[in-house]
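Asker: Can you read through this structure? Questions will come right after.
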Amino acid sequence: MSARRRLSLGERLVIAAPYLWIGAFFLAPMALIAKISVSQSVLARPPYRPIFEPSDSLAAIWAKAQTFTFDAYRALVSDTLYLESYLSSLTIAAISTLITLIIAYPFALAMARAPERLRPLLIGLAAAPFWTSFLIRVYAWIALLKDEGLINNALMALGLITAPLQMFATTGAVVVGIVYSYLPFMLLPLYAALERQDPSLREAAADLGASPAQVFLRVTLPLSREGVVAGALLVFIPAVGEFVIPDLLGGSETLMIGRTLWNDFFSNHDWPAASAAAIVLVAVLMIPLLLWERARLADEDDAR
Amino acid sequence: MSAPLLSIKSVSKKFGAVVALEDVSLDVGAGEFFALLGPSGCGKTTLMRCIAGFESPDAGTIALSGVDLSGVPPYRRPVNMMFQSYALFPHLNVFENIAFGLRRQGETRDAIDARVNELLAMTQLSAFGHRRIAELSGGQKQRVALARALAPRPKLLLLDEPLGALDRKLREETQFQLKEIQRLTQTSFVIVTHDQDEALALADRIAVMRAGRVEQIAGPMEIYDRPATRFVAGFVGETNFIEGRLDRNGAAALITEFGRIPCEPRNLPGGARATLSVRPERIGVARDGEGIAGVVEDFVFRGETTLLRVRVASNIVLRAAASHGERHAIGDSVRLSFPPGAGALLAEER
């Protein structure tokens with residue numbers, strides 16, 4: 001097949017489909033949010049100006065564009081609430097990602113080393129939580145963690161504690177919720193990476209004098225790097241912007257950017273501020289992706 | 001051969017109901033090049049994995065320098081293995097692959113550098129130390145695998161189909177290299193192969209295996225010229241099986257439907273039914289004179305020789321190799337002669 005062969009209409013459509021999808025459902029909404037972020041907040045409906053109309057002349061569009069302002073971005077910098085929300089979100093997401101990794105790795109290893117006929121069942125079990133609504137699962141944690149919840153009641157009944165532990169409405173509860181909810185997203189890429197490892201590599205390492213611990217550290221772990229990174233990104237990125245879990249399980253002291261955004265949109269009706277915060281969040285989340293991509297490209301260059 | 005380096009005694013191994021090894025005993029001497037030869041599923045790879053420590057025998061013992069290896073994990077055995085797939089570490093470069101075993105032994109940085117460079121030179125890979133594994137050709141990977149397995153100076157090196165993944169031309173070249181490296185390093189090599197030519201070319205001694213058992217252990221010449229069983233004769237090289245009755249009066253010979261063929265009687269009694277294995281190239285082909293009369297049925301030009309199918313009786317066709325330059329046509333009458341010692345009497349099938 002020649003590389004320069006003309007593509008048929010069908011082939012072009014197939015190739016175009018994902019781009020159209022990204023354009024329609026990611027880039028277009030992002031452009032809207034970017035536009036709102038540079039608009040002015042007003043008491044109206046919708047609560048920002050200017051609003052472009054299809055009937056606008058070019059001159060009118062230009063005149064309206066003159067009113068764009070970066071006030072919302074300035075507010076992001078001057079109001080420490082945003083900076084604190086970002087930092088706190090990143091910290092909570094990073095801690096949760098690390099804990100998820102530590103819990104998921106042995107699970108993924110056990111799945112990958114299980115007899116082949118058991119593996120589909122184990123994958124099914126790992127994905128089983130998805131069969132229940134995410135919201136219900138997070139609510140269930142309230143029942144477990146609250147002062148008169150299952151865990152406190154059990155500990156008191158056993159006489160281990162005399163007063164209920166404050167677990168619900170803490171940052172710790174948010175971390176627990178994130179770890180629990182995102183575990184499958186870490187588990188599955190790790191499993192995929194470990195399952196494809198050639199078992200003879202471990203045998204070769206053992207044959208060359210590596211103890212089981214050394215085989216893990218020198219061969220299994222480095223060769224699962226792609227799975228670790230994929231799982232970490234899949235957990236970390238949504239966890240940073242997570243709204244439901246901190247809202248349901250967190251306390252008033254738990255600052256996360258998702259909640260701050262929500263407040264701006266729905267309580268303060270300050271859409272430009274919320275949009276600016278969202279745009280900055282996307283930019284912040286691009287950083288780990290770009291770093292990973294750069295490391296990957298450097299790797300490939302090395303290989304040349 | 002003084003005290004053997006590797007001593008395998010009555011080793012048996014089952015996987016579920018499948019018998020992989022049954023009462024296998026053999027010795028490998030220090031500095032010996034030993035081949036385990038057999039078709040796939042004969043147990044040769046299982047035996048190798050038992051020696052390396054990846055499988056443990058159900059019964060019997062494996063001892064190295066007189067020390068029983070049972071219960072010793074692979075990473076504590078002074079035995080290294082070259083894997084059929086090479087099993088090179090894709091995340092490490094050539095140098096680090098070869099250094100892997102040395103680093104586990106906790107050698108000094110200088111000692112590791114010196115040893116790795118020595119092996120890179122021996123395997124003609126000096127320019128490739130910093131290459132990634134993915135950038136190597138098949139032949140280069142094969143040499144890295146060999147160097148990596150040799151690096152920790154094992155007492156015994158196991159090689160699982162080491163030439164299996166190479167193309168024909170490279171394979172022959174590599175056979176010589178392998179033999180030379182074995183001679184230089186004075187290490188005992190145990191090679192597993194299903195390729196009879198490879199075993200004959202490389203090994204000092206060969207154990208031919210079939211269905212978990214050892215059929216014969218002998219040097220390449222003896223395996224080829226004096227196969228002990230029908231299986232060995234058939235598996236190693238081409239042969240004719242000639243049925244008959246042994247006559248021990250005077251010079252021993254096999255009485256067959258088409259004539260008398262001289263042979264060594266071994267320990268069979270006179271009058272016993274026996275099978276003689278005769279290689280095609282050991283049968284003399286002439287247009288006339290002494291010998292057993294036959295008619296050329298068919299021939300195949302092989303370059304060095306021409307393989308003839310000669311009908312010597314209504315139901316018996318023998319294969320004989322005529323040397324280069326002799327021309328035969330279908331339907332030609334020929335005379336086949338059997339020099340003394342041309343064939344080997346086979347033991348009764350078990």
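Convention: chains lettered A, B, ... in structure tokens order; per-chain residue numbering from 1; ligands numbered from 1 as shown.
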Report as a list in words all protein, DNA and RNA residues lying within 9 Å of range 8-25 of chain B, evaluated on only C-alpha atoms, omitting residues in the same chain fewer than 3 positions from it.
Answerer: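 Answer for this query is Val28, Gly41, Cys42, Gly43, Lys44, Thr46, Leu47, Ile51, Glu55, Ser56, Pro57, Asp58, Ala59, Gly60, Thr61, Ile62, Ala63, Leu64, Ala211, Gly212, Arg213 and Val214 of chain B.
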Asker: Can you write just those residues out, N, CA and C atoms, as a short mmCIF file (atom, residue, chain, number, x, y, z; two decimals), in the first residue's frame?
Answerer:
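Resulting contents of part-v2.cif:
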data_model
loop_
_atom_site.label_atom_id
_atom_site.label_comp_id
_atom_site.auth_asym_id
_atom_site.auth_seq_id
_atom_site.Cartn_x
_atom_site.Cartn_y
_atom_site.Cartn_z
N VAL B 28 27.18 -34.99 33.32
CA VAL B 28 27.89 -34.08 32.42
C VAL B 28 29.21 -33.72 33.08
N GLY B 41 8.29 -31.87 23.08
CA GLY B 41 7.49 -32.67 24.00
C GLY B 41 8.21 -33.89 24.54
N CYS B 42 9.52 -34.00 24.28
CA CYS B 42 10.23 -35.20 24.74
C CYS B 42 10.73 -35.02 26.16
N GLY B 43 10.61 -33.81 26.73
CA GLY B 43 11.04 -33.60 28.11
C GLY B 43 12.37 -32.90 28.24
N LYS B 44 13.03 -32.60 27.12
CA LYS B 44 14.37 -32.01 27.21
C LYS B 44 14.34 -30.63 27.86
N THR B 46 11.99 -29.54 29.95
CA THR B 46 11.66 -29.74 31.36
C THR B 46 12.91 -30.11 32.16
N LEU B 47 13.72 -30.98 31.58
CA LEU B 47 14.95 -31.40 32.27
C LEU B 47 15.85 -30.18 32.48
N ILE B 51 17.19 -28.40 35.99
CA ILE B 51 18.59 -28.11 36.33
C ILE B 51 18.72 -26.64 36.75
N GLU B 55 11.82 -25.67 37.77
CA GLU B 55 10.89 -26.77 38.08
C GLU B 55 11.62 -27.64 39.08
N SER B 56 10.86 -28.35 39.92
CA SER B 56 11.54 -29.30 40.80
C SER B 56 11.05 -30.70 40.47
N PRO B 57 11.97 -31.63 40.37
CA PRO B 57 11.59 -33.00 40.02
C PRO B 57 10.71 -33.62 41.09
N ASP B 58 9.80 -34.51 40.67
CA ASP B 58 8.98 -35.24 41.63
C ASP B 58 9.82 -36.28 42.36
N ALA B 59 10.78 -36.84 41.65
CA ALA B 59 11.64 -37.87 42.24
C ALA B 59 13.01 -37.75 41.63
N GLY B 60 14.01 -38.30 42.32
CA GLY B 60 15.37 -38.27 41.81
C GLY B 60 16.13 -37.06 42.29
N THR B 61 17.43 -37.02 41.99
CA THR B 61 18.25 -35.92 42.47
C THR B 61 19.06 -35.32 41.32
N ILE B 62 19.32 -34.03 41.48
CA ILE B 62 20.22 -33.32 40.57
C ILE B 62 21.31 -32.73 41.44
N ALA B 63 22.55 -33.10 41.15
CA ALA B 63 23.65 -32.60 41.97
C ALA B 63 24.67 -31.91 41.08
N LEU B 64 25.24 -30.83 41.62
CA LEU B 64 26.26 -30.08 40.90
C LEU B 64 27.52 -30.11 41.75
N ALA B 211 9.78 -39.04 24.71
CA ALA B 211 8.67 -39.23 25.65
C ALA B 211 9.14 -39.32 27.09
N GLY B 212 10.02 -38.41 27.48
CA GLY B 212 10.44 -38.33 28.88
C GLY B 212 11.56 -39.27 29.28
N ARG B 213 12.00 -40.09 28.34
CA ARG B 213 13.08 -41.03 28.67
C ARG B 213 14.31 -40.76 27.81
N VAL B 214 15.46 -41.20 28.34
CA VAL B 214 16.69 -41.12 27.55
C VAL B 214 16.82 -42.41 26.75
#
Asker: For chain A against chain B, which residues fall within 8 Å using only C-alpha atoms, given as an MDAnalysis selection string?
Answerer: chainID A and resid 198 200:201 203:211 219 222:223 303:304
Asker: With C-alpha atoms retained, could you export that selection as a PDB file, in the first residue's frame?
Answerer:
ATOM      1  CA  ASP A 198       7.140 -11.904  29.493  1.00  0.00           C
ATOM      2  CA  SER A 200      10.819 -15.487  31.104  1.00  0.00           C
ATOM      3  CA  LEU A 201      12.266 -12.057  31.968  1.00  0.00           C
ATOM      4  CA  GLU A 203      13.121 -16.222  35.271  1.00  0.00           C
ATOM      5  CA  ALA A 204      16.161 -14.760  33.536  1.00  0.00           C
ATOM      6  CA  ALA A 205      16.641 -12.282  36.385  1.00  0.00           C
ATOM      7  CA  ALA A 206      16.326 -15.040  38.995  1.00  0.00           C
ATOM      8  CA  ASP A 207      18.693 -17.202  36.980  1.00  0.00           C
ATOM      9  CA  LEU A 208      21.264 -14.383  37.056  1.00  0.00           C
ATOM     10  CA  GLY A 209      21.122 -14.273  40.855  1.00  0.00           C
ATOM     11  CA  ALA A 210      18.343 -11.790  41.596  1.00  0.00           C
ATOM     12  CA  SER A 211      16.363 -12.599  44.746  1.00  0.00           C
ATOM     13  CA  VAL A 219      12.532  -6.036  36.351  1.00  0.00           C
ATOM     14  CA  PRO A 222      10.564  -0.761  35.862  1.00  0.00           C
ATOM     15  CA  LEU A 223       8.796  -2.692  33.113  1.00  0.00           C
ATOM     16  CA  ALA A 303      16.546   4.448  21.443  1.00  0.00           C
ATOM     17  CA  ARG A 304      17.706   5.913  18.132  1.00  0.00           C
TER      18      ARG A 304
END
Asker: Which residues, written as a list in words, have at least one atom at most 8 Å from Ser96 in chain A, with only C-alpha atoms counted and residues fewer than 3 positions away on the same chain left out?
Answerer: Ile92, Ala93, Ile99, Thr100, Val175, Val176, Ile178, Val179 and Phe236 of chain A
Asker: Residues as selected, C-alpha atoms, written as a short mmCIF file (atom, residue, chain, number, x, y, z; two decimals), in the first residue's frame, can you do that?
Answerer:
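As a result, out_28.cif now contains:
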data_model
loop_
_atom_site.label_atom_id
_atom_site.label_comp_id
_atom_site.auth_asym_id
_atom_site.auth_seq_id
_atom_site.Cartn_x
_atom_site.Cartn_y
_atom_site.Cartn_z
CA ILE A 92 -5.22 15.83 48.01
CA ALA A 93 -5.13 14.37 44.49
CA ILE A 99 -2.32 5.59 48.08
CA THR A 100 -4.32 4.23 45.13
CA VAL A 175 -8.95 10.95 50.34
CA VAL A 176 -10.68 7.69 51.30
CA ILE A 178 -11.15 9.31 46.02
CA VAL A 179 -9.00 6.23 46.61
CA PHE A 236 -4.77 12.25 39.45
#
Asker: Identify, with DSSP run on backbone atoms, the residues in range 116-313 of chain B assigned to strand (DSSP E), and express the list as a ChimeraX atom specification.
Answerer: /B:156-160,188-193,205-210,213-218,240-247,253-256,259-262,273-278,284-286,292-301,305-313
Asker: Identify all residues of range 152-263 of chain B in helix (DSSP H, G or I) (DSSP on the backbone) and supply them as a compact mmCIF listing (two decimals) with N, CA and C atoms, in the first residue's frame.
Answerer:
# COMPACT_ATOMS: atom_id res chain seq x y z
N ARG B 168 19.33 -19.87 8.51
CA ARG B 168 20.20 -21.01 8.25
C ARG B 168 21.68 -20.64 8.15
N LYS B 169 21.97 -19.57 7.41
CA LYS B 169 23.35 -19.20 7.17
C LYS B 169 24.03 -18.76 8.46
N LEU B 170 23.30 -17.92 9.22
CA LEU B 170 23.82 -17.39 10.46
C LEU B 170 24.01 -18.52 11.48
N ARG B 171 23.15 -19.52 11.37
CA ARG B 171 23.18 -20.61 12.33
C ARG B 171 24.51 -21.35 12.24
N GLU B 172 24.96 -21.61 11.03
CA GLU B 172 26.21 -22.36 10.85
C GLU B 172 27.39 -21.57 11.39
N GLU B 173 27.40 -20.27 11.05
CA GLU B 173 28.46 -19.39 11.53
C GLU B 173 28.48 -19.38 13.06
N THR B 174 27.27 -19.30 13.64
CA THR B 174 27.15 -19.20 15.08
C THR B 174 27.56 -20.50 15.77
N GLN B 175 27.35 -21.63 15.08
CA GLN B 175 27.78 -22.91 15.65
C GLN B 175 29.28 -22.88 15.94
N PHE B 176 30.05 -22.36 14.98
CA PHE B 176 31.50 -22.30 15.18
C PHE B 176 31.83 -21.37 16.33
N GLN B 177 31.16 -20.20 16.37
CA GLN B 177 31.42 -19.25 17.45
C GLN B 177 31.11 -19.87 18.81
N LEU B 178 29.98 -20.57 18.86
CA LEU B 178 29.55 -21.17 20.11
C LEU B 178 30.58 -22.18 20.60
N LYS B 179 31.08 -22.98 19.67
CA LYS B 179 32.07 -24.00 20.01
C LYS B 179 33.35 -23.35 20.49
N GLU B 180 33.72 -22.26 19.83
CA GLU B 180 34.96 -21.59 20.20
C GLU B 180 34.82 -20.97 21.59
N ILE B 181 33.67 -20.33 21.83
CA ILE B 181 33.46 -19.70 23.13
C ILE B 181 33.45 -20.75 24.23
N GLN B 182 32.86 -21.89 23.93
CA GLN B 182 32.84 -22.96 24.92
C GLN B 182 34.26 -23.42 25.24
N ARG B 183 35.08 -23.50 24.21
CA ARG B 183 36.47 -23.94 24.39
C ARG B 183 37.24 -22.88 25.19
N LEU B 184 37.04 -21.61 24.85
CA LEU B 184 37.76 -20.53 25.52
C LEU B 184 37.39 -20.43 26.98
N THR B 185 36.09 -20.56 27.29
CA THR B 185 35.64 -20.34 28.66
C THR B 185 35.76 -21.58 29.53
N GLN B 196 18.94 -32.22 14.95
CA GLN B 196 19.98 -33.25 15.02
C GLN B 196 21.31 -32.73 14.49
N ASP B 197 21.28 -31.92 13.42
CA ASP B 197 22.53 -31.42 12.85
C ASP B 197 23.28 -30.57 13.87
N GLU B 198 22.50 -29.75 14.59
CA GLU B 198 23.08 -28.88 15.59
C GLU B 198 23.75 -29.72 16.68
N ALA B 199 23.04 -30.74 17.15
CA ALA B 199 23.58 -31.59 18.20
C ALA B 199 24.84 -32.30 17.71
N LEU B 200 24.78 -32.85 16.50
CA LEU B 200 25.94 -33.58 15.97
C LEU B 200 27.13 -32.63 15.80
N ALA B 201 26.85 -31.40 15.37
CA ALA B 201 27.92 -30.46 15.08
C ALA B 201 28.58 -29.94 16.35
N LEU B 202 27.79 -29.74 17.40
CA LEU B 202 28.30 -29.03 18.57
C LEU B 202 28.79 -29.94 19.69
N PRO B 220 28.64 -38.05 19.16
CA PRO B 220 27.90 -37.85 17.91
C PRO B 220 28.12 -38.95 16.88
N MET B 221 29.39 -39.40 16.74
CA MET B 221 29.69 -40.44 15.75
C MET B 221 28.97 -41.72 16.09
N GLU B 222 29.00 -42.07 17.38
CA GLU B 222 28.39 -43.33 17.77
C GLU B 222 26.87 -43.25 17.63
N ILE B 223 26.31 -42.10 18.01
CA ILE B 223 24.86 -41.91 17.85
C ILE B 223 24.48 -42.11 16.38
N TYR B 224 25.31 -41.58 15.51
CA TYR B 224 25.00 -41.63 14.09
C TYR B 224 25.26 -43.03 13.52
N ASP B 225 26.41 -43.60 13.87
CA ASP B 225 26.79 -44.88 13.26
C ASP B 225 26.24 -46.08 14.00
N ARG B 230 15.52 -47.95 17.29
CA ARG B 230 14.90 -47.54 16.04
C ARG B 230 14.61 -46.04 16.05
N PHE B 231 14.19 -45.54 17.23
CA PHE B 231 13.86 -44.12 17.33
C PHE B 231 15.10 -43.25 17.08
N VAL B 232 16.21 -43.62 17.73
CA VAL B 232 17.43 -42.83 17.57
C VAL B 232 17.88 -42.86 16.12
N ALA B 233 17.86 -44.04 15.53
CA ALA B 233 18.29 -44.18 14.14
C ALA B 233 17.43 -43.32 13.23
N GLY B 234 16.13 -43.30 13.49
CA GLY B 234 15.22 -42.55 12.64
C GLY B 234 15.27 -41.06 12.88
N PHE B 235 15.53 -40.67 14.13
CA PHE B 235 15.50 -39.24 14.45
C PHE B 235 16.78 -38.54 14.01
Asker: List the neighbours of Ala253 in chain B out to 7 Å using only C-alpha atoms; skip same-chain residues closer than 6 positions along the sequence, and give me the result as a PyMOL selection string.
Answerer: chain B and resi 246-247+260-263
Asker: Could you give me, as a tab-separated table, a per-residue list for range 147-239 of chain A showing, wherever an atom lies at most 12 Å from an atom of range 278-285 of chain A, the closest pair of atoms and their distance in Å to one decimal, using only C-alpha atoms and sorting by chain then residue number from low to high?
Answerer:
residue	atom	partner	partner_atom	distance
A:Leu233	CA	A:Leu285	CA	9.5
A:Leu234	CA	A:Leu285	CA	11.4
A:Val235	CA	A:Leu285	CA	12.0
A:Phe236	CA	A:Leu285	CA	9.0
A:Ile237	CA	A:Leu285	CA	6.4
A:Pro238	CA	A:Leu285	CA	9.4
A:Ala239	CA	A:Leu285	CA	10.7
Asker: Quick one: pull the distance between CA of Ser78 in chain A and CA of Ala274 in chain A, Å, one decimal.
Answerer: 14.6 Å
Asker: Near Ile242 in chain B, counting only C-alpha atoms, which residues have an atom at most 10 Å away, once you skip same-chain residues fewer than 3 positions from it, shown as a PDB file with N, CA and C atoms, in the first residue's frame?
Answerer:
ATOM      1  N   THR B 239      17.740 -42.982   7.346  1.00  0.00           N
ATOM      2  CA  THR B 239      18.203 -44.365   7.439  1.00  0.00           C
ATOM      3  C   THR B 239      17.232 -45.325   6.769  1.00  0.00           C
ATOM      4  N   LEU B 254      22.727 -60.531   8.524  1.00  0.00           N
ATOM      5  CA  LEU B 254      21.272 -60.538   8.641  1.00  0.00           C
ATOM      6  C   LEU B 254      20.732 -61.191   7.375  1.00  0.00           C
ATOM      7  N   ILE B 255      19.883 -62.214   7.570  1.00  0.00           N
ATOM      8  CA  ILE B 255      19.275 -62.865   6.417  1.00  0.00           C
ATOM      9  C   ILE B 255      17.970 -62.134   6.122  1.00  0.00           C
ATOM     10  N   THR B 256      17.895 -61.545   4.933  1.00  0.00           N
ATOM     11  CA  THR B 256      16.697 -60.779   4.592  1.00  0.00           C
ATOM     12  C   THR B 256      16.044 -61.391   3.367  1.00  0.00           C
ATOM     13  N   GLU B 257      14.897 -60.839   3.008  1.00  0.00           N
ATOM     14  CA  GLU B 257      14.175 -61.339   1.840  1.00  0.00           C
ATOM     15  C   GLU B 257      14.983 -61.200   0.571  1.00  0.00           C
ATOM     16  N   ILE B 261      23.125 -59.586   4.534  1.00  0.00           N
ATOM     17  CA  ILE B 261      23.816 -58.321   4.780  1.00  0.00           C
ATOM     18  C   ILE B 261      24.711 -58.487   6.003  1.00  0.00           C
ATOM     19  N   ALA B 274      15.641 -59.405  13.931  1.00  0.00           N
ATOM     20  CA  ALA B 274      16.344 -58.166  14.264  1.00  0.00           C
ATOM     21  C   ALA B 274      16.125 -57.143  13.163  1.00  0.00           C
ATOM     22  N   THR B 275      16.394 -55.868  13.535  1.00  0.00           N
ATOM     23  CA  THR B 275      16.298 -54.776  12.566  1.00  0.00           C
ATOM     24  C   THR B 275      17.668 -54.143  12.434  1.00  0.00           C
ATOM     25  N   LEU B 276      18.050 -53.936  11.197  1.00  0.00           N
ATOM     26  CA  LEU B 276      19.331 -53.300  10.921  1.00  0.00           C
ATOM     27  C   LEU B 276      19.051 -51.897  10.395  1.00  0.00           C
ATOM     28  N   SER B 277      19.797 -50.920  10.930  1.00  0.00           N
ATOM     29  CA  SER B 277      19.666 -49.557  10.408  1.00  0.00           C
ATOM     30  C   SER B 277      20.877 -49.267   9.539  1.00  0.00           C
ATOM     31  N   VAL B 278      20.634 -48.922   8.289  1.00  0.00           N
ATOM     32  CA  VAL B 278      21.748 -48.626   7.380  1.00  0.00           C
ATOM     33  C   VAL B 278      21.525 -47.245   6.763  1.00  0.00           C
ATOM     34  N   ILE B 316       9.971 -54.100  -0.878  1.00  0.00           N
ATOM     35  CA  ILE B 316      11.023 -53.397  -0.145  1.00  0.00           C
ATOM     36  C   ILE B 316      11.761 -52.422  -1.057  1.00  0.00           C
ATOM     37  N   VAL B 317      11.779 -51.141  -0.619  1.00  0.00           N
ATOM     38  CA  VAL B 317      12.520 -50.116  -1.346  1.00  0.00           C
ATOM     39  C   VAL B 317      13.574 -49.558  -0.395  1.00  0.00           C
ATOM     40  N   LEU B 318      14.827 -49.557  -0.805  1.00  0.00           N
ATOM     41  CA  LEU B 318      15.896 -48.992   0.017  1.00  0.00           C
ATOM     42  C   LEU B 318      16.318 -47.652  -0.563  1.00  0.00           C
ATOM     43  N   GLY B 343      25.901 -51.092   8.747  1.00  0.00           N
ATOM     44  CA  GLY B 343      24.644 -50.931   9.471  1.00  0.00           C
ATOM     45  C   GLY B 343      24.806 -51.182  10.960  1.00  0.00           C
ATOM     46  N   LEU B 345      22.756 -52.986  14.235  1.00  0.00           N
ATOM     47  CA  LEU B 345      21.604 -53.758  14.710  1.00  0.00           C
ATOM     48  C   LEU B 345      20.948 -52.984  15.846  1.00  0.00           C
TER      49      LEU B 345
END
Asker: Quick one: residues within 12 Å of Gln124 in chain B, only C-alpha atoms, excluding same-chain residues fewer than 3 positions away - as a list in words?
Answerer: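 Listed by chain and then number, they are Val116, Asn117, Glu118, Leu119, Leu120, Ala121, Ala127, Phe128, Gly129, Gly139, Gln140, Lys141, Gln142, Arg143, Val144, Leu146, Ala147, Thr174, Gln177 and Ile181 of chain B.
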Asker: Ranking A:Gly227, A:Pro184, A:Pro115, A:Gly241 by minimum distance to Phe130 in chain A and counting only C-alpha atoms, which one comes first?
Answerer: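 Closest candidate: A:Pro184.
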Asker: Using Å and a single decimal, report how far CA of Gln197 in chain A sits from CA of Arg49 in chain B.
Answerer: 19.7 Å
Asker: Please indicate the distance in Å from CA of Ala252 in chain B to CA of Arg309 in chain B, rounded to one decimal place.
Answerer: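 So the answer is 26.4 Å.
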Asker: Which of these, A:Leu248, A:Leu118, A:Arg225, A:Asn268, has the shortest distance to Arg296 in chain A once you count only C-alpha atoms?
Answerer: A:Arg225
